[in-house]
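> Once you've had a glance at the structure underneath, I'll fire off some questions.
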Amino acid sequence: MNDHHENEGGNEDDQHARKMARKKAARDRIMATKTGEKGLVIVHTGKGKGKSTAAFGMIFRMIAHGMPCGVVQFIKGGMDTGERRLIGERFADLCEFHTMGEGFTWETQDKSRDIEMAGRAWEKAKELIRNERLRMVLLDEINIALRYGYVPADEVVSFLRDEKPEMTHVVLTGRNAHDEIIDIADLVTEMELVKHPFRSGIKAQQGVEF
């Protein structure tokens with residue numbers, strides 16, 4: 001009986017190995033056709049948590065590869081974040097970090113001031129994107145500024161389409177991404193909210209939320 005079970009197991013292992021070999025060969029054929037390189041327009045949107053977190057993951061990946069990058073924060077200026085502190089203290093030589101916003105619009109309660117700060121952030125964003133030394137530029141929470149009309153969406157679209165250097169990646173985060181931004185993007189991820197501790201009375205946790 002033992003020999004019978006061992007043979008069956010061996011057959012299953014052989015079948016699995018052949019199946020995986022076929023999958024690998026098929027994937028290798030597909031990957032062989034993917035030879036192009038370009039700077040991507042990447043959008044992280046949706047109601048779920050993790051939009052900025054995922055974008056900063058890419059920024060830290062760029063830093064790990066020694067590739068210069070930049071960050072412009074449009075909204076979260078009033079909040080001290082772990083990412084901003086770490087980059088400022090350890091990686092300022094590889095990543096330019098500009099916090100332009102003074103907080104969320106309901107915190108400032110000053111629309112004209114919000115528009116002014118968003119305009120400054122967009123000017124800084126264009127400056128960084130035009131700098132071909134920077135391989136990636138993160139525009140954190142710009143989608144919120146676009147949603148409120150603090151920055152004209154058509155201007156952002158035309159700039160990314162006509163002036164972005166060919167090999168520069170630009171990442172735009174924030175919920176409710178503008179349709180025109182989604183249309184020109186190469187990669188769009190929508191974070192879906194399934195469950196959040198805030199609904200159970202738990203405040204934002206250090207190291208998780210900021």
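Letters A, B, ... mark the chains of the structure tokens in the order given; residue numbers begin at 1 per chain; ligand numbers begin at 1, in order shown.
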Fewer than 2 positions away in the same chain doesn't count, so skip those; otherwise give me all residues within 7 Å of Asp186 (chain A), counting only C-alpha atoms, as a list of chain:residue names.

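Once the adjacent positions are removed, what remains is A:Leu40, A:Val41, A:Ile42, A:Ile184, A:Val188.
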
> Write the residues you've just listed into a file as a PDB file, in the first residue's frame, and include C-alpha atoms for each of them.


ATOM      1  CA  LEU A  40       4.323  55.980 -16.642  1.00  0.00           C
ATOM      2  CA  VAL A  41       1.451  58.111 -15.421  1.00  0.00           C
ATOM      3  CA  ILE A  42       0.175  56.189 -12.399  1.00  0.00           C
ATOM      4  CA  ILE A 184      -4.402  59.580 -19.926  1.00  0.00           C
ATOM      5  CA  VAL A 188      -4.804  53.078 -12.504  1.00  0.00           C
TER       6      VAL A 188
END

> Skip Ala64 (chain A) itself and residues of its chain fewer than 6 positions away, then list as a list in words all residues within 12 Å of it, counting only C-alpha atoms.

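Once the adjacent positions are removed, what remains is Gly57, Met58, Ile87, Arg90, Phe91, Leu94 and Cys95 of chain A.
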
> Using only C-alpha atoms, which residues sit within 7 Å of region 43-47 of chain A once same-chain residues fewer than 5 positions away are excluded, as a PyMOL selection string?

chain A and resi 171-177+185+187-193

> For the residues selected in the previous step, produce a file with C-alpha atoms as a CSV table (one decimal), in the first residue's frame.


chain,number,residue,atom,x,y,z
A,171,VAL,CA,2.2,59.2,-9.5
A,172,LEU,CA,-1.1,61.0,-8.6
A,173,THR,CA,-2.9,59.9,-5.4
A,174,GLY,CA,-6.2,60.8,-3.8
A,175,ARG,CA,-9.8,59.6,-4.0
A,176,ASN,CA,-12.2,60.5,-6.8
A,177,ALA,CA,-9.6,60.8,-9.5
A,185,ALA,CA,-3.0,57.3,-17.2
A,187,LEU,CA,-1.8,52.5,-14.7
A,188,VAL,CA,-4.8,53.1,-12.5
A,189,THR,CA,-5.5,51.3,-9.2
A,190,GLU,CA,-8.7,51.8,-7.3
A,191,MET,CA,-8.5,51.0,-3.6
A,192,GLU,CA,-11.7,49.5,-2.3
A,193,LEU,CA,-12.9,50.0,1.2

> Of the candidates A:Glu166, A:Glu96, A:Glu180, A:Asp114, which one gets nearest to Tyr148 (chain A) if we count only C-alpha atoms?

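Looking only at the distances to Tyr148 (chain A), the closest residue turns out to be A:Asp114.
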
> Nearest to His178 (chain A) among A:Arg147, A:Lys23, A:Arg29, A:Arg85, with distances taken over only C-alpha atoms: which residue is it?

A:Arg147

> Kindly give the distance, in Å, that separates CA of Leu160 (chain A) and CA of Lys126 (chain A), rounded to a single decimal.

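Those two atoms sit 9.1 Å apart.
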
> Do you know which residues are at most 12 Å from Pro152 (chain A) counting only C-alpha atoms, after dropping those on the same chain fewer than 2 positions away, and could you put them as a list in words?

Ile115, Ala118, Gly119, Trp122, Ile142, Asn143, Ile144, Ala145, Leu146, Arg147, Tyr148, Gly149, Tyr150, Asp154, Glu155, Val156, Val157, Ser158, Phe159, His178, Glu180 and Ile181 of chain A

> Considering only strand (DSSP E) as DSSP defines it on the backbone, what residues of region 10-185 of chain A qualify? List them as a PDB file with C-alpha atoms, in the first residue's frame.


ATOM      1  CA  VAL A  41       1.451  58.111 -15.421  1.00  0.00           C
ATOM      2  CA  ILE A  42       0.175  56.189 -12.399  1.00  0.00           C
ATOM      3  CA  VAL A  43      -3.037  56.888 -10.462  1.00  0.00           C
ATOM      4  CA  HIS A  44      -3.980  55.574  -7.023  1.00  0.00           C
ATOM      5  CA  THR A  45      -7.586  56.385  -6.203  1.00  0.00           C
ATOM      6  CA  CYS A  69      12.845  61.204  -7.201  1.00  0.00           C
ATOM      7  CA  GLY A  70      10.596  63.891  -5.771  1.00  0.00           C
ATOM      8  CA  VAL A  71       7.437  64.324  -3.710  1.00  0.00           C
ATOM      9  CA  VAL A  72       4.945  67.184  -3.607  1.00  0.00           C
ATOM     10  CA  GLN A  73       2.269  66.924  -0.911  1.00  0.00           C
ATOM     11  CA  CYS A  95      14.435  62.569  -2.856  1.00  0.00           C
ATOM     12  CA  GLU A  96      13.238  66.163  -2.929  1.00  0.00           C
ATOM     13  CA  PHE A  97      10.308  66.498  -0.528  1.00  0.00           C
ATOM     14  CA  HIS A  98       8.006  69.523  -0.690  1.00  0.00           C
ATOM     15  CA  THR A  99       5.025  69.855   1.630  1.00  0.00           C
ATOM     16  CA  MET A 136       9.716  59.593 -10.404  1.00  0.00           C
ATOM     17  CA  VAL A 137       7.585  62.422  -9.017  1.00  0.00           C
ATOM     18  CA  LEU A 138       4.782  61.723  -6.548  1.00  0.00           C
ATOM     19  CA  LEU A 139       1.927  64.242  -6.453  1.00  0.00           C
ATOM     20  CA  ASP A 140       0.381  63.185  -3.167  1.00  0.00           C
ATOM     21  CA  HIS A 169       7.140  58.377 -13.869  1.00  0.00           C
ATOM     22  CA  VAL A 170       4.450  60.563 -12.299  1.00  0.00           C
ATOM     23  CA  VAL A 171       2.191  59.209  -9.547  1.00  0.00           C
ATOM     24  CA  LEU A 172      -1.069  60.953  -8.617  1.00  0.00           C
ATOM     25  CA  THR A 173      -2.925  59.934  -5.450  1.00  0.00           C
TER      26      THR A 173
END

> Going by DSSP on the backbone, which bits of region 5-170 of chain A are alpha helix (DSSP H)? Write them as number ranges by chain, please.

A: 5-32, 51-64, 82-90, 105-108, 111-130, 142-147, 153-162
